[in-house]
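Notes follow once the structure below has been shown.
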Amino acid sequence: MKCMVPERRFLSRLLRISLFVGICQFAAASAPASTPSAEILIQGPRVAPQLMFACCDHGMSQMQSLLTNANVIANLKSLHAGLGVAIVDFTPERAALVRRLNSEGIPVIAGLGMPPEQGFYFNAENAPQAAARFAAFDAWSRDHGLRWDAVGLDIEPNFAELGSLNGHWWRLFTTLLSRAVDVQRMYRAQRVYSALIANIRSRGYFVQTYQLPYLPVERKAHSSLLDRILGTVDVRGDQEVLMLYTSYAGPVGAAIIWELGPDAQSIAICCTDGDPAANSAVLDWSRFSRDLIVAGHFSHLIGVYNLEGCVRQGFLPRLKTMDWSQSVTIPAVAIRAADHRMRLLGLVLRISSHLLYFAFVLLLAIALIGWRRRFRKIIKETA
């Protein structure tokens with residue numbers, strides 16, 4: 001029986017090495033970051049960035065009121081700004097307004113999405129319908145002679161579907177769990193959207209993709225857990241716009257832009273729509289200009305959601321005289337909070353991406369314990 005001892009030692013050594021590697025990796029991921037102990041002063045870009053205002057997702061009447069306003073058009077032209085127009089239908093009326101923007105020389109991006117009753121945003125759930133949606137858009141654009149600077153694909157969860165599960169906790173749990181383990185669903189969606197992007201390019205369009213802020217963290221962690229759970233899809237067009245919305249970042253504020261800005265090709269900020277006095281999530285001029293300065297530190301193209309809010313709050317005339325060389329300060333406590341959130345999310349995603357590794361180590365440990373017990377039993381029987 002002595003010939004079995006080397007095998008036991010090998011398995012034991014393998015188990016220890018596996019555990020050691022896992023512990024080292026996750027200890028390093030969760031180690032405290034070297035965050036600054038003082039506030040950060042961010043210098044403005046000095047030169048005004050290219051501003052693209054999202055608009056026109058609140059119905060045709062509001063779109064007509066907005067885009068037939070001579071002051072709005074004049075301000076956009078003075079700012080050399082563009083518009084990302086939500087394409088929720090393919091009507092002659094919408095085409096006529098886009099043609100007006102074309103005639104005024106205002107850059108226009110088509111914010112392509114699904115019909116509103118289907119949730120509008122592109123995601124893994126409606127991937128099979130996305131190609132047909134683009135084909136209809138392409139035919140409509142060519143029939144009406146519309147010119148687009150880009151086609152934008154807004155990839156976000158189906159919020160209506162997730163909202164319908166609110167209060168049904170067991171259904172919500174089982175739905176999210178089944179998605180979490182369905183890796184093939186995500187692979188299929190990536191193939192579909194990659195093919196769609198190739199098709200859009202082949203038709204002569206520049207392609208933008210709009211992504212949620214956890215995507216850079218997922219990529220660094222080599223994980224797709226949140227994509228699988230929420231139905232978002234990690235695909236790349238010609239330009240990726242990271243949606244860093246401080247309206248939803250709480251006290252972290254612009255620190256989220258500072259934290260994730262280095263990973264962004266372009267940045268979108270939000271939200272200006274609403275009354276800041278009644279809703280603290282709505283950006284007033286102070287926070288709006290702050291976000292623009294911080295985003296401009298990383299990106300020459302800045303998306304703004306939305307034009308309607310900027311017009312209502314009188315931001316367009318103020319942007320024409322804005323000092324882009326000014327500096328803004330981000331408190332150290334906000335920087336530390338943003339860094340902690342991102343590192344914690346990264347740690348969770350790294351662990352999730354190595355679940356099979358841990359399962360293997362656990363099974364190996366169980367097998368080793370069982371083998372050792374059996375070996376001892378054989379030794380006792382032969383003694």
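Each chain in the structure tokens gets a letter, A, B, ..., in the order shown, and its residues are numbered from 1; ligands are numbered from 1 in order too.
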Item to complete: Determine, counting only C-alpha atoms, which protein, DNA and RNA residues have an atom within 6 Å of an atom of region 256-268 of chain A; residues of the same chain fewer than 3 positions away are not included. Present the result as a PyMOL selection string.
Response: chain A and resi 240-244+298-299+301-304+338
Considering only C-alpha atoms, give me a table of residues in region 221-335 of chain A that are at most 12 Å from region 79-91 of chain A, with the closest atom pair and distance in Å for each, as a tab-separated table.
```
residue	atom	partner	partner_atom	distance
A:Ala268	CA	A:Gly84	CA	11.5
A:Leu301	CA	A:Ala81	CA	10.1
A:Ile302	CA	A:Ala81	CA	10.0
A:Gly303	CA	A:Gly84	CA	8.5
A:Val304	CA	A:Gly84	CA	9.2
A:Tyr305	CA	A:Gly84	CA	9.3
A:Asn306	CA	A:Gly84	CA	9.2
A:Leu307	CA	A:Leu83	CA	8.2
A:Glu308	CA	A:Leu83	CA	11.3
A:Phe315	CA	A:Leu79	CA	11.5
A:Leu316	CA	A:Leu79	CA	8.2
A:Pro317	CA	A:Leu79	CA	9.1
A:Arg318	CA	A:Leu79	CA	10.5
A:Leu319	CA	A:Leu79	CA	7.6
A:Lys320	CA	A:Leu79	CA	6.2
A:Thr321	CA	A:Leu79	CA	9.8
A:Met322	CA	A:Leu79	CA	10.7
```
Write a file of the just-selected residues containing all heavy atoms, as a compact mmCIF listing (two decimals), in the first residue's frame.
```
# COMPACT_ATOMS: atom_id res chain seq x y z
N ALA A 268 -21.49 60.05 -21.21
CA ALA A 268 -22.78 60.72 -21.19
C ALA A 268 -23.14 61.03 -19.73
O ALA A 268 -22.87 60.23 -18.84
CB ALA A 268 -23.87 59.84 -21.80
N LEU A 301 -16.01 64.07 -26.51
CA LEU A 301 -17.43 63.98 -26.84
C LEU A 301 -18.21 63.70 -25.55
O LEU A 301 -17.93 62.73 -24.85
CB LEU A 301 -17.70 62.86 -27.85
CG LEU A 301 -19.18 62.57 -28.14
CD1 LEU A 301 -19.81 63.76 -28.87
CD2 LEU A 301 -19.33 61.30 -28.96
N ILE A 302 -19.18 64.57 -25.24
CA ILE A 302 -19.99 64.40 -24.05
C ILE A 302 -21.46 64.38 -24.43
O ILE A 302 -21.96 65.32 -25.07
CB ILE A 302 -19.74 65.52 -23.02
CG1 ILE A 302 -18.27 65.55 -22.62
CG2 ILE A 302 -20.62 65.32 -21.78
CD1 ILE A 302 -17.93 66.68 -21.65
N GLY A 303 -22.12 63.30 -24.08
CA GLY A 303 -23.56 63.20 -24.30
C GLY A 303 -24.30 63.77 -23.09
O GLY A 303 -23.85 63.63 -21.95
N VAL A 304 -25.44 64.41 -23.35
CA VAL A 304 -26.23 65.01 -22.27
C VAL A 304 -27.67 64.54 -22.40
O VAL A 304 -28.29 64.67 -23.46
CB VAL A 304 -26.21 66.55 -22.35
CG1 VAL A 304 -27.12 67.15 -21.27
CG2 VAL A 304 -24.79 67.08 -22.21
N TYR A 305 -28.19 63.98 -21.31
CA TYR A 305 -29.61 63.64 -21.27
C TYR A 305 -30.28 64.59 -20.30
O TYR A 305 -30.00 64.58 -19.11
CB TYR A 305 -29.81 62.18 -20.81
CG TYR A 305 -31.26 61.76 -20.89
CD1 TYR A 305 -31.79 61.26 -22.07
CD2 TYR A 305 -32.11 61.91 -19.79
CE1 TYR A 305 -33.12 60.90 -22.15
CE2 TYR A 305 -33.43 61.56 -19.87
CZ TYR A 305 -33.94 61.05 -21.04
OH TYR A 305 -35.26 60.71 -21.14
N ASN A 306 -31.12 65.50 -20.83
CA ASN A 306 -31.56 65.57 -22.20
C ASN A 306 -31.72 67.02 -22.61
O ASN A 306 -31.59 67.93 -21.80
CB ASN A 306 -32.86 64.78 -22.39
CG ASN A 306 -34.01 65.31 -21.53
OD1 ASN A 306 -33.98 66.40 -20.95
ND2 ASN A 306 -35.03 64.50 -21.41
N LEU A 307 -32.00 67.23 -23.89
CA LEU A 307 -32.17 68.58 -24.42
C LEU A 307 -33.37 69.26 -23.78
O LEU A 307 -33.31 70.46 -23.47
CB LEU A 307 -32.35 68.52 -25.94
CG LEU A 307 -32.58 69.88 -26.62
CD1 LEU A 307 -31.37 70.79 -26.45
CD2 LEU A 307 -32.90 69.69 -28.10
N GLU A 308 -34.46 68.54 -23.59
CA GLU A 308 -35.68 69.12 -23.03
C GLU A 308 -35.39 69.79 -21.68
O GLU A 308 -35.82 70.91 -21.41
CB GLU A 308 -36.76 68.05 -22.86
CG GLU A 308 -37.34 67.55 -24.17
CD GLU A 308 -36.56 66.39 -24.79
OE1 GLU A 308 -35.35 66.26 -24.50
OE2 GLU A 308 -37.15 65.63 -25.57
N PHE A 315 -30.17 76.23 -19.85
CA PHE A 315 -28.74 75.90 -19.86
C PHE A 315 -28.04 76.28 -21.17
O PHE A 315 -26.84 76.56 -21.18
CB PHE A 315 -28.53 74.40 -19.62
CG PHE A 315 -28.80 73.97 -18.20
CD1 PHE A 315 -28.81 72.62 -17.87
CD2 PHE A 315 -29.04 74.89 -17.20
CE1 PHE A 315 -29.04 72.21 -16.56
CE2 PHE A 315 -29.28 74.50 -15.89
CZ PHE A 315 -29.28 73.15 -15.57
N LEU A 316 -28.77 76.25 -22.29
CA LEU A 316 -28.11 76.46 -23.59
C LEU A 316 -27.43 77.83 -23.68
O LEU A 316 -26.26 77.90 -24.08
CB LEU A 316 -29.10 76.25 -24.74
CG LEU A 316 -29.70 74.84 -24.89
CD1 LEU A 316 -30.51 74.75 -26.17
CD2 LEU A 316 -28.62 73.77 -24.88
N PRO A 317 -28.11 78.93 -23.34
CA PRO A 317 -27.40 80.22 -23.39
C PRO A 317 -26.21 80.28 -22.43
O PRO A 317 -25.18 80.90 -22.75
CB PRO A 317 -28.49 81.23 -22.97
CG PRO A 317 -29.78 80.54 -23.28
CD PRO A 317 -29.53 79.09 -23.01
N ARG A 318 -26.32 79.64 -21.27
CA ARG A 318 -25.21 79.66 -20.30
C ARG A 318 -24.02 78.85 -20.81
O ARG A 318 -22.87 79.17 -20.51
CB ARG A 318 -25.69 79.14 -18.94
CG ARG A 318 -26.81 79.94 -18.35
CD ARG A 318 -27.23 79.46 -16.98
NE ARG A 318 -26.23 79.79 -15.96
CZ ARG A 318 -26.42 79.62 -14.65
NH1 ARG A 318 -27.58 79.14 -14.21
NH2 ARG A 318 -25.47 79.94 -13.79
N LEU A 319 -24.29 77.81 -21.58
CA LEU A 319 -23.20 77.01 -22.14
C LEU A 319 -22.38 77.82 -23.13
O LEU A 319 -21.18 77.58 -23.29
CB LEU A 319 -23.76 75.76 -22.82
CG LEU A 319 -24.17 74.61 -21.89
CD1 LEU A 319 -24.94 73.54 -22.68
CD2 LEU A 319 -22.95 73.99 -21.22
N LYS A 320 -23.02 78.76 -23.81
CA LYS A 320 -22.29 79.57 -24.80
C LYS A 320 -21.23 80.45 -24.16
O LYS A 320 -20.25 80.82 -24.81
CB LYS A 320 -23.29 80.42 -25.60
CG LYS A 320 -24.19 79.60 -26.51
CD LYS A 320 -24.94 80.47 -27.51
CE LYS A 320 -25.96 81.36 -26.86
NZ LYS A 320 -26.76 82.12 -27.86
N THR A 321 -21.42 80.79 -22.89
CA THR A 321 -20.44 81.65 -22.20
C THR A 321 -19.70 80.89 -21.10
O THR A 321 -18.99 81.51 -20.29
CB THR A 321 -21.15 82.87 -21.58
OG1 THR A 321 -22.16 82.42 -20.65
CG2 THR A 321 -21.82 83.71 -22.66
N MET A 322 -19.81 79.61 -21.08
CA MET A 322 -19.18 78.82 -20.01
C MET A 322 -17.66 78.86 -20.13
O MET A 322 -17.10 78.77 -21.23
CB MET A 322 -19.68 77.37 -20.08
CG MET A 322 -19.07 76.46 -19.02
SD MET A 322 -19.91 74.86 -18.99
CE MET A 322 -18.79 73.91 -17.96
```
Practice prompt. Based on DSSP run over this structure's backbone, return all residues of region 172-349 of chain A in strand (DSSP E or B), as a list of chain:residue names.
Written response: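 Residues of region 172-349 of chain A classed as strand (DSSP E or B): A:Val207, A:Gln208, A:Thr209, A:Tyr210, A:Gln211, A:Gln239, A:Glu240, A:Val241, A:Leu242, A:Met243, A:Ser266, A:Ile267, A:Ala268, A:Ile269, A:Cys270, A:Leu301, A:Ile302, A:Gly303, A:Val304, A:Tyr305, A:Ser327, A:Val328, A:Thr329, A:Ile330.
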Practice prompt. Would you work out the distance separating CA of Gln129 (chain A) from CA of Glu117 (chain A), expressed in Å to one decimal?
Written response: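 Between CA of Gln129 (chain A) and CA of Glu117 (chain A) the gap is 13.5 Å.
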Discussion item. What parts of region 126-319 of chain A does DSSP call alpha helix (DSSP H)? I'd like the answer as a PyMOL selection string.
Written reply: chain A and resi 127-143+159-164+169-181+183-202+215-221+225-230+255-260+285-296+307-312+315-319
